[in-house]
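**Student:** Sharing a structure, written as structure tokens. Questions coming.
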Amino acid sequence: MSLRLDVPVLRGSLVRLEPLSMDHAPDLVRAVEEDRSSYAFTMVPRAAEVADYLETQLGRPGLTPFAQIRVADGAAVGCTGFWDPRSWPGREALRAVEIGWTWLAASAQGTGLNVEAKLLLFTYAFETLGVARVDLKTDARNQRSRRAIERLGARFEGVLRNWSPSWAPGEAGRLRDSAMFSVVEAEWPEVRARLHAVLGTRRPKAASAGA
């Protein structure tokens with residue numbers, strides 16, 4: 001299924017996921033240059049490339065892209081998306097979707113934004129789209145990303161060799177091995193509770209109380 005999903009703004013206490021647009025470019029130009037040391041295996045444009053990157057993401061078949069908006073200051077500090085939606089054989093209802101194309105500015109990493117963004121996306125996928133499975137994958141060499149995905153509660157399924165384009169410097173045109181993870185429908189209640197528990201230790205007291 002190559003069509004873009006029709007997903008509204010997804011709102012959390014720390015992060016708001018807005019459908020990506022060119023309006024997010026000025027913030028993202030700043031975000032991509034904060035500190036690039038964590039992007040060794042991730043596709044993150046340089047400042048001069050942001051406009052072309054956004055045009056590509058907006059036109060990429062099968063991708064429903066979002067800007068990650070930090071609620072504290074309203075700044076766009078990264079991107080993420082639903083990717084590769086798959087339908088059941090013989091009908092249009094979705095059976096699976098991937099969460100991918102994710103990156104955050106250095107100042108947003110380790111603040112709970114990634115966890116809450118994943119909670120918003122998982123919730124929409126399982127409870128609105130009604131999927132049976134959500135995939136996540138990363139370069140098999142990216143131990144930092146693998147640990148982050150495992151902390152979400154996703155299950156490691158193995159490594160698919162020569163599976164995805166490599167975004168590592170100097171590897172343009174080459175394929176990478178991809179570490180595959182998933183959450184399936186039966187696991188979602190436990191994963192949801194886990195993510196809420198993690199966020200409960202990070203949210204400001206007022207937000208936790210529903211203020």
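In the structure tokens, chains take letters A, B, ... by order of appearance, with residues numbered from 1 within each chain and ligands from 1 in the order shown.
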List as a Markdown table every residue of stretch 91-182 of chain A that is in contact with stretch 26-38 of chain A, defined as an atom at most 8 Å from one of its atoms (using only C-alpha atoms), together with the nearest atom pair and the distance in Å rounded to one decimal, sorted by chain and then rising number.

**Tutor:**
```
| residue | atom | partner | partner_atom | distance |
| --- | --- | --- | --- | --- |
| A:Leu104 | CA | A:Ala31 | CA | 7.7 |
| A:Ala105 | CA | A:Ala31 | CA | 5.0 |
| A:Ala106 | CA | A:Asp35 | CA | 5.6 |
| A:Ser107 | CA | A:Glu34 | CA | 7.4 |
```

**Student:** Can I get the selection written as a compact mmCIF listing (two decimals), in the first residue's frame, with all heavy atoms?

**Tutor:**
```
# COMPACT_ATOMS: atom_id res chain seq x y z
N LEU A 104 15.84 13.04 16.11
CA LEU A 104 15.60 14.16 17.02
C LEU A 104 16.86 15.01 17.14
O LEU A 104 17.97 14.49 17.11
CB LEU A 104 15.21 13.67 18.41
CG LEU A 104 13.75 13.26 18.64
CD1 LEU A 104 13.62 12.60 20.01
CD2 LEU A 104 12.82 14.46 18.54
N ALA A 105 16.67 16.29 17.34
CA ALA A 105 17.78 17.18 17.65
C ALA A 105 18.44 16.73 18.95
O ALA A 105 17.80 16.13 19.82
CB ALA A 105 17.27 18.61 17.79
N ALA A 106 19.70 17.05 19.09
CA ALA A 106 20.45 16.62 20.28
C ALA A 106 19.77 17.10 21.57
O ALA A 106 19.72 16.37 22.56
CB ALA A 106 21.88 17.15 20.21
N SER A 107 19.24 18.32 21.57
CA SER A 107 18.63 18.87 22.79
C SER A 107 17.34 18.16 23.17
O SER A 107 16.88 18.29 24.31
CB SER A 107 18.35 20.37 22.61
OG SER A 107 17.42 20.58 21.56
```

**Student:** Could you pull out the residues in chain A that DSSP calls strand (DSSP E or B) from the backbone, as a ChimeraX atom specification?

**Tutor:** /A:10-11,15-19,63-70,75-87,94-104,133-139,155-165,175-184

**Student:** Please give the complete set of residues from stretch 129-193 of chain A that DSSP, run on the backbone, assigns to helix (DSSP H, G or I), formatted as a CSV table (one decimal) with all heavy atoms, in the first residue's frame.

**Tutor:**
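Heads up, here's the output in part.csv:
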```csv
chain,number,residue,atom,x,y,z
A,129,LEU,N,-6.1,2.7,13.8
A,129,LEU,CA,-5.9,2.0,12.5
A,129,LEU,C,-6.2,0.5,12.6
A,129,LEU,O,-6.5,-0.1,11.6
A,129,LEU,CB,-4.4,2.1,12.0
A,129,LEU,CG,-4.0,3.6,11.7
A,129,LEU,CD1,-2.5,3.6,11.3
A,129,LEU,CD2,-4.8,4.2,10.6
A,143,GLN,N,24.0,0.3,17.8
A,143,GLN,CA,23.6,-0.2,19.2
A,143,GLN,C,22.8,0.8,20.0
A,143,GLN,O,21.9,0.4,20.8
A,143,GLN,CB,24.9,-0.6,19.9
A,143,GLN,CG,25.7,-1.7,19.3
A,143,GLN,CD,24.8,-3.0,19.3
A,143,GLN,OE1,24.1,-3.3,20.2
A,143,GLN,NE2,25.0,-3.8,18.2
A,144,ARG,N,23.1,2.0,19.8
A,144,ARG,CA,22.3,3.1,20.6
A,144,ARG,C,20.8,3.0,20.2
A,144,ARG,O,20.0,3.0,21.1
A,144,ARG,CB,22.9,4.5,20.3
A,144,ARG,CG,22.3,5.6,21.1
A,144,ARG,CD,23.0,6.9,20.8
A,144,ARG,NE,22.6,8.0,21.6
A,144,ARG,CZ,21.6,8.8,21.2
A,144,ARG,NH1,20.9,8.6,20.1
A,144,ARG,NH2,21.2,9.8,22.0
A,145,SER,N,20.5,2.9,18.9
A,145,SER,CA,19.2,2.8,18.5
A,145,SER,C,18.5,1.5,18.9
A,145,SER,O,17.3,1.5,19.3
A,145,SER,CB,19.1,3.0,16.9
A,145,SER,OG,17.8,2.9,16.5
A,146,ARG,N,19.3,0.4,18.8
A,146,ARG,CA,18.7,-0.8,19.2
A,146,ARG,C,18.3,-0.9,20.6
A,146,ARG,O,17.3,-1.4,21.0
A,146,ARG,CB,19.7,-2.0,18.9
A,146,ARG,CG,19.9,-2.2,17.4
A,146,ARG,CD,21.0,-3.2,17.0
A,146,ARG,NE,20.6,-4.6,17.5
A,146,ARG,CZ,21.2,-5.7,17.1
A,146,ARG,NH1,22.1,-5.6,16.1
A,146,ARG,NH2,20.8,-6.8,17.5
A,147,ARG,N,19.2,-0.3,21.5
A,147,ARG,CA,18.8,-0.3,22.9
A,147,ARG,C,17.6,0.6,23.2
A,147,ARG,O,16.7,0.2,24.0
A,147,ARG,CB,20.0,0.3,23.7
A,147,ARG,CG,21.2,-0.7,23.8
A,147,ARG,CD,22.2,-0.2,24.9
A,147,ARG,NE,22.8,1.0,24.5
A,147,ARG,CZ,23.9,1.2,23.8
A,147,ARG,NH1,24.6,0.1,23.3
A,147,ARG,NH2,24.4,2.4,23.6
A,148,ALA,N,17.5,1.7,22.5
A,148,ALA,CA,16.3,2.6,22.6
A,148,ALA,C,15.0,1.9,22.2
A,148,ALA,O,14.0,2.0,22.9
A,148,ALA,CB,16.5,3.8,21.8
A,149,ILE,N,15.1,1.1,21.1
A,149,ILE,CA,13.9,0.4,20.7
A,149,ILE,C,13.5,-0.7,21.7
A,149,ILE,O,12.3,-0.9,22.0
A,149,ILE,CB,14.1,-0.2,19.3
A,149,ILE,CG1,14.3,0.9,18.2
A,149,ILE,CG2,13.0,-1.2,18.9
A,149,ILE,CD1,14.7,0.4,16.9
A,150,GLU,N,14.5,-1.4,22.2
A,150,GLU,CA,14.2,-2.5,23.2
A,150,GLU,C,13.6,-1.9,24.4
A,150,GLU,O,12.8,-2.5,25.0
A,150,GLU,CB,15.5,-3.2,23.5
A,150,GLU,CG,16.0,-4.1,22.3
A,150,GLU,CD,17.4,-4.7,22.5
A,150,GLU,OE1,18.1,-4.2,23.5
A,150,GLU,OE2,17.7,-5.7,21.8
A,151,ARG,N,14.1,-0.7,24.8
A,151,ARG,CA,13.5,-0.1,26.0
A,151,ARG,C,12.0,0.3,25.9
A,151,ARG,O,11.3,0.4,26.8
A,151,ARG,CB,14.3,1.2,26.4
A,151,ARG,CG,15.7,0.9,27.0
A,151,ARG,CD,16.2,2.1,27.7
A,151,ARG,NE,16.5,3.2,26.8
A,151,ARG,CZ,17.7,3.3,26.2
A,151,ARG,NH1,18.7,2.5,26.4
A,151,ARG,NH2,17.9,4.3,25.4
A,152,LEU,N,11.6,0.4,24.6
A,152,LEU,CA,10.2,0.7,24.4
A,152,LEU,C,9.3,-0.5,24.7
A,152,LEU,O,8.1,-0.4,24.9
A,152,LEU,CB,10.0,1.1,22.9
A,152,LEU,CG,10.6,2.4,22.4
A,152,LEU,CD1,10.5,2.5,20.9
A,152,LEU,CD2,10.0,3.6,23.2
A,185,GLU,N,-0.3,-7.0,18.4
A,185,GLU,CA,-1.5,-6.6,19.1
A,185,GLU,C,-1.6,-7.2,20.5
A,185,GLU,O,-2.0,-6.4,21.4
A,185,GLU,CB,-2.7,-7.0,18.2
A,185,GLU,CG,-4.0,-6.5,18.7
A,185,GLU,CD,-5.1,-6.9,17.8
A,185,GLU,OE1,-4.9,-7.7,16.9
A,185,GLU,OE2,-6.3,-6.3,18.0
A,186,ALA,N,-1.3,-8.4,20.7
A,186,ALA,CA,-1.5,-9.0,22.0
A,186,ALA,C,-0.5,-8.4,23.0
A,186,ALA,O,-0.8,-8.5,24.2
A,186,ALA,CB,-1.2,-10.5,21.9
A,187,GLU,N,0.6,-7.9,22.6
A,187,GLU,CA,1.6,-7.3,23.5
A,187,GLU,C,1.3,-5.8,23.8
A,187,GLU,O,1.9,-5.2,24.7
A,187,GLU,CB,3.0,-7.4,22.9
A,187,GLU,CG,3.5,-8.8,22.6
A,187,GLU,CD,4.7,-8.9,21.7
A,187,GLU,OE1,5.0,-7.9,21.0
A,187,GLU,OE2,5.3,-10.0,21.6
A,188,TRP,N,0.4,-5.2,23.0
A,188,TRP,CA,0.2,-3.8,23.1
A,188,TRP,C,-0.2,-3.3,24.5
A,188,TRP,O,0.4,-2.3,25.0
A,188,TRP,CB,-0.7,-3.3,22.0
A,188,TRP,CG,-1.3,-1.9,22.2
A,188,TRP,CD1,-2.6,-1.5,22.3
A,188,TRP,CD2,-0.5,-0.7,22.4
A,188,TRP,NE1,-2.7,-0.1,22.5
A,188,TRP,CE2,-1.4,0.4,22.6
A,188,TRP,CE3,0.9,-0.4,22.5
A,188,TRP,CZ2,-1.0,1.7,22.8
A,188,TRP,CZ3,1.3,0.9,22.7
A,188,TRP,CH2,0.4,1.9,22.9
A,189,PRO,N,-1.1,-3.9,25.2
A,189,PRO,CA,-1.5,-3.5,26.5
A,189,PRO,C,-0.3,-3.4,27.5
A,189,PRO,O,-0.1,-2.4,28.3
A,189,PRO,CB,-2.5,-4.5,27.0
A,189,PRO,CG,-3.1,-5.0,25.8
A,189,PRO,CD,-2.0,-5.1,24.8
A,190,GLU,N,0.6,-4.4,27.5
A,190,GLU,CA,1.8,-4.4,28.3
A,190,GLU,C,2.7,-3.3,27.9
A,190,GLU,O,3.3,-2.6,28.8
A,190,GLU,CB,2.5,-5.7,28.3
A,190,GLU,CG,3.7,-5.8,29.2
A,190,GLU,CD,4.4,-7.2,29.1
A,190,GLU,OE1,3.7,-8.1,28.5
A,190,GLU,OE2,5.5,-7.3,29.6
A,191,VAL,N,2.9,-3.1,26.6
A,191,VAL,CA,3.8,-2.1,26.1
A,191,VAL,C,3.3,-0.7,26.5
A,191,VAL,O,4.0,0.2,26.9
A,191,VAL,CB,4.1,-2.2,24.6
A,191,VAL,CG1,4.8,-1.0,24.0
A,191,VAL,CG2,4.8,-3.5,24.3
A,192,ARG,N,2.0,-0.5,26.3
A,192,ARG,CA,1.3,0.8,26.6
A,192,ARG,C,1.6,1.1,28.1
A,192,ARG,O,1.9,2.2,28.4
A,192,ARG,CB,-0.1,0.7,26.3
A,192,ARG,CG,-0.9,2.0,26.6
A,192,ARG,CD,-2.4,1.8,26.2
A,192,ARG,NE,-2.9,0.6,26.8
A,192,ARG,CZ,-4.0,-0.1,26.3
A,192,ARG,NH1,-4.5,0.3,25.2
A,192,ARG,NH2,-4.5,-1.1,27.0
A,193,ALA,N,1.3,0.1,29.0
A,193,ALA,CA,1.5,0.4,30.4
A,193,ALA,C,3.0,0.7,30.7
A,193,ALA,O,3.3,1.6,31.5
A,193,ALA,CB,1.1,-0.8,31.2
```

**Student:** What's the 12 Å shell around A:Gly59, counting only C-alpha atoms, without same-chain residues fewer than 3 positions away, as a VMD selection string?

**Tutor:** chain A and resid 2 to 4 20 to 21 52 to 56 62 to 65

**Student:** If we count only C-alpha atoms, what is near A:Ala117 at a cut-off of 8 Å, once residues fewer than 6 positions away on the same chain are taken out, given as a PyMOL selection string?

**Tutor:** chain A and resi 12+15-17+68

**Student:** Just to confirm, what's the straight-line distance from atom CA of A:His196 to atom CA of A:Glu116 in Å (one decimal)?

**Tutor:**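 The value is 8.3 Å.
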
**Student:** I want to know what sits within 10 Å of A:Glu98, based on only C-alpha atoms, with residues of the same chain fewer than 2 positions away left out; could you give that as an MDAnalysis selection string?

**Tutor:** chainID A and resid 63 81:86 96 100:101 121:122 125 133:137 181:182

**Student:** Would you save the residues from that selection as a PDB file, in the first residue's frame, using C-alpha atoms?

**Tutor:**
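To be explicit, this is the file written out as out-v1.pdb:
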```pdb
ATOM      1  CA  LEU A  63       5.399   7.420   4.086  1.00  0.00           C
ATOM      2  CA  GLY A  81       6.534   8.769  10.387  1.00  0.00           C
ATOM      3  CA  PHE A  82       4.342   5.826   9.611  1.00  0.00           C
ATOM      4  CA  TRP A  83       6.017   3.808   6.844  1.00  0.00           C
ATOM      5  CA  ASP A  84       5.153   0.873   4.612  1.00  0.00           C
ATOM      6  CA  PRO A  85       1.489   0.246   5.564  1.00  0.00           C
ATOM      7  CA  ARG A  86       0.389  -3.272   4.559  1.00  0.00           C
ATOM      8  CA  ALA A  96       0.725  -3.780   9.786  1.00  0.00           C
ATOM      9  CA  GLY A 100      10.431   4.902  10.927  1.00  0.00           C
ATOM     10  CA  TRP A 101      12.389   7.817   9.456  1.00  0.00           C
ATOM     11  CA  LEU A 121       2.166   6.431  17.219  1.00  0.00           C
ATOM     12  CA  PHE A 122       1.635   2.991  18.747  1.00  0.00           C
ATOM     13  CA  ALA A 125      -1.716   2.359  15.023  1.00  0.00           C
ATOM     14  CA  ARG A 133       1.639  -5.453  14.156  1.00  0.00           C
ATOM     15  CA  VAL A 134       3.934  -2.420  14.284  1.00  0.00           C
ATOM     16  CA  ASP A 135       7.498  -2.778  12.974  1.00  0.00           C
ATOM     17  CA  LEU A 136      10.639  -0.846  13.817  1.00  0.00           C
ATOM     18  CA  LYS A 137      14.059  -1.354  12.265  1.00  0.00           C
ATOM     19  CA  PHE A 181      11.815  -5.302  15.985  1.00  0.00           C
ATOM     20  CA  SER A 182       8.063  -5.438  16.434  1.00  0.00           C
TER      21      SER A 182
END
```

**Student:** Which residue, A:Val159, A:Ala75, A:Ile69, A:Val50, has the smallest gap to A:Ser13 when you use only C-alpha atoms?

**Tutor:**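 The shortest atom-to-atom distance to A:Ser13 comes from A:Ile69.
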
**Student:** I'd like the interatomic distance between atom CA of A:Pro8 and atom CA of A:Leu119, to a tenth of an Å.

**Tutor:**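 Going from atom CA of A:Pro8 over to atom CA of A:Leu119, I get 15.1 Å.
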
**Student:** Would you kindly return, as an MDAnalysis selection string, each protein, DNA or RNA residue with an atom no farther than 7 Å from any atom of A:Ser178, considering only C-alpha atoms and excluding same-chain residues fewer than 2 positions away?

**Tutor:** chainID A and resid 137:140 159:161 163:164 176 180

**Student:** For those residues, write all heavy atoms to a file as a CSV table (one decimal), in the first residue's frame.

**Tutor:**
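Contents of the output file selection-v3.csv:
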```csv
chain,number,residue,atom,x,y,z
A,137,LYS,N,12.8,-0.8,12.7
A,137,LYS,CA,14.1,-1.4,12.3
A,137,LYS,C,15.1,-0.3,12.3
A,137,LYS,O,14.9,0.9,12.3
A,137,LYS,CB,14.0,-2.0,10.9
A,137,LYS,CG,13.8,-1.0,9.7
A,137,LYS,CD,13.9,-1.8,8.4
A,137,LYS,CE,13.8,-0.9,7.2
A,137,LYS,NZ,12.4,-0.4,6.9
A,138,THR,N,16.4,-0.7,12.4
A,138,THR,CA,17.5,0.2,12.5
A,138,THR,C,18.7,-0.5,11.9
A,138,THR,O,18.7,-1.8,11.8
A,138,THR,CB,17.8,0.6,13.9
A,138,THR,OG1,18.7,1.7,13.9
A,138,THR,CG2,18.3,-0.5,14.8
A,139,ASP,N,19.7,0.2,11.5
A,139,ASP,CA,21.0,-0.4,11.1
A,139,ASP,C,21.5,-1.3,12.2
A,139,ASP,O,21.5,-1.0,13.4
A,139,ASP,CB,22.0,0.7,10.9
A,139,ASP,CG,23.3,0.3,10.2
A,139,ASP,OD1,23.9,-0.7,10.6
A,139,ASP,OD2,23.6,0.9,9.2
A,140,ALA,N,21.8,-2.5,11.8
A,140,ALA,CA,22.2,-3.5,12.8
A,140,ALA,C,23.4,-3.1,13.6
A,140,ALA,O,23.6,-3.6,14.8
A,140,ALA,CB,22.5,-4.9,12.1
A,159,VAL,N,18.2,-10.2,12.4
A,159,VAL,CA,18.8,-9.3,11.4
A,159,VAL,C,18.6,-9.8,10.0
A,159,VAL,O,18.8,-10.9,9.7
A,159,VAL,CB,20.3,-9.2,11.7
A,159,VAL,CG1,21.0,-8.4,10.7
A,159,VAL,CG2,20.6,-8.6,13.1
A,160,LEU,N,18.1,-8.9,9.2
A,160,LEU,CA,17.9,-9.2,7.8
A,160,LEU,C,19.1,-8.6,7.0
A,160,LEU,O,19.3,-7.4,7.1
A,160,LEU,CB,16.6,-8.6,7.3
A,160,LEU,CG,15.3,-9.1,7.9
A,160,LEU,CD1,14.1,-8.5,7.3
A,160,LEU,CD2,15.2,-10.6,7.7
A,161,ARG,N,19.8,-9.4,6.3
A,161,ARG,CA,21.1,-9.0,5.7
A,161,ARG,C,20.8,-8.3,4.4
A,161,ARG,O,19.9,-8.7,3.6
A,161,ARG,CB,22.0,-10.2,5.5
A,161,ARG,CG,22.4,-10.9,6.8
A,161,ARG,CD,23.2,-12.1,6.5
A,161,ARG,NE,22.5,-13.1,5.8
A,161,ARG,CZ,23.1,-14.2,5.2
A,161,ARG,NH1,24.4,-14.3,5.2
A,161,ARG,NH2,22.3,-15.0,4.5
A,163,TRP,N,19.4,-5.5,3.7
A,163,TRP,CA,17.9,-5.3,3.6
A,163,TRP,C,17.5,-3.8,3.2
A,163,TRP,O,16.5,-3.6,2.6
A,163,TRP,CB,17.3,-5.6,5.0
A,163,TRP,CG,15.8,-5.6,5.0
A,163,TRP,CD1,15.0,-4.6,5.6
A,163,TRP,CD2,14.9,-6.5,4.4
A,163,TRP,NE1,13.7,-4.9,5.4
A,163,TRP,CE2,13.6,-6.0,4.7
A,163,TRP,CE3,15.0,-7.6,3.7
A,163,TRP,CZ2,12.4,-6.7,4.2
A,163,TRP,CZ3,13.9,-8.3,3.2
A,163,TRP,CH2,12.6,-7.8,3.5
A,164,SER,N,18.3,-2.9,3.7
A,164,SER,CA,17.9,-1.5,3.5
A,164,SER,C,19.1,-0.6,3.0
A,164,SER,O,20.2,-1.0,3.3
A,164,SER,CB,17.4,-0.9,4.9
A,164,SER,OG,16.4,-1.7,5.5
A,176,ARG,N,22.6,-2.1,3.9
A,176,ARG,CA,23.0,-2.4,5.3
A,176,ARG,C,22.2,-3.6,5.7
A,176,ARG,O,21.2,-4.0,5.2
A,176,ARG,CB,22.6,-1.2,6.2
A,176,ARG,CG,21.1,-1.1,6.4
A,176,ARG,CD,20.7,0.0,7.3
A,176,ARG,NE,19.3,-0.1,7.8
A,176,ARG,CZ,18.6,0.8,8.3
A,176,ARG,NH1,19.1,2.1,8.4
A,176,ARG,NH2,17.4,0.6,8.7
A,180,MET,N,15.6,-6.0,13.1
A,180,MET,CA,14.2,-5.9,13.0
A,180,MET,C,13.5,-6.1,14.4
A,180,MET,O,13.9,-7.0,15.2
A,180,MET,CB,13.6,-6.9,12.1
A,180,MET,CG,14.3,-6.9,10.7
A,180,MET,SD,14.0,-5.4,9.8
A,180,MET,CE,12.2,-5.5,9.5
```
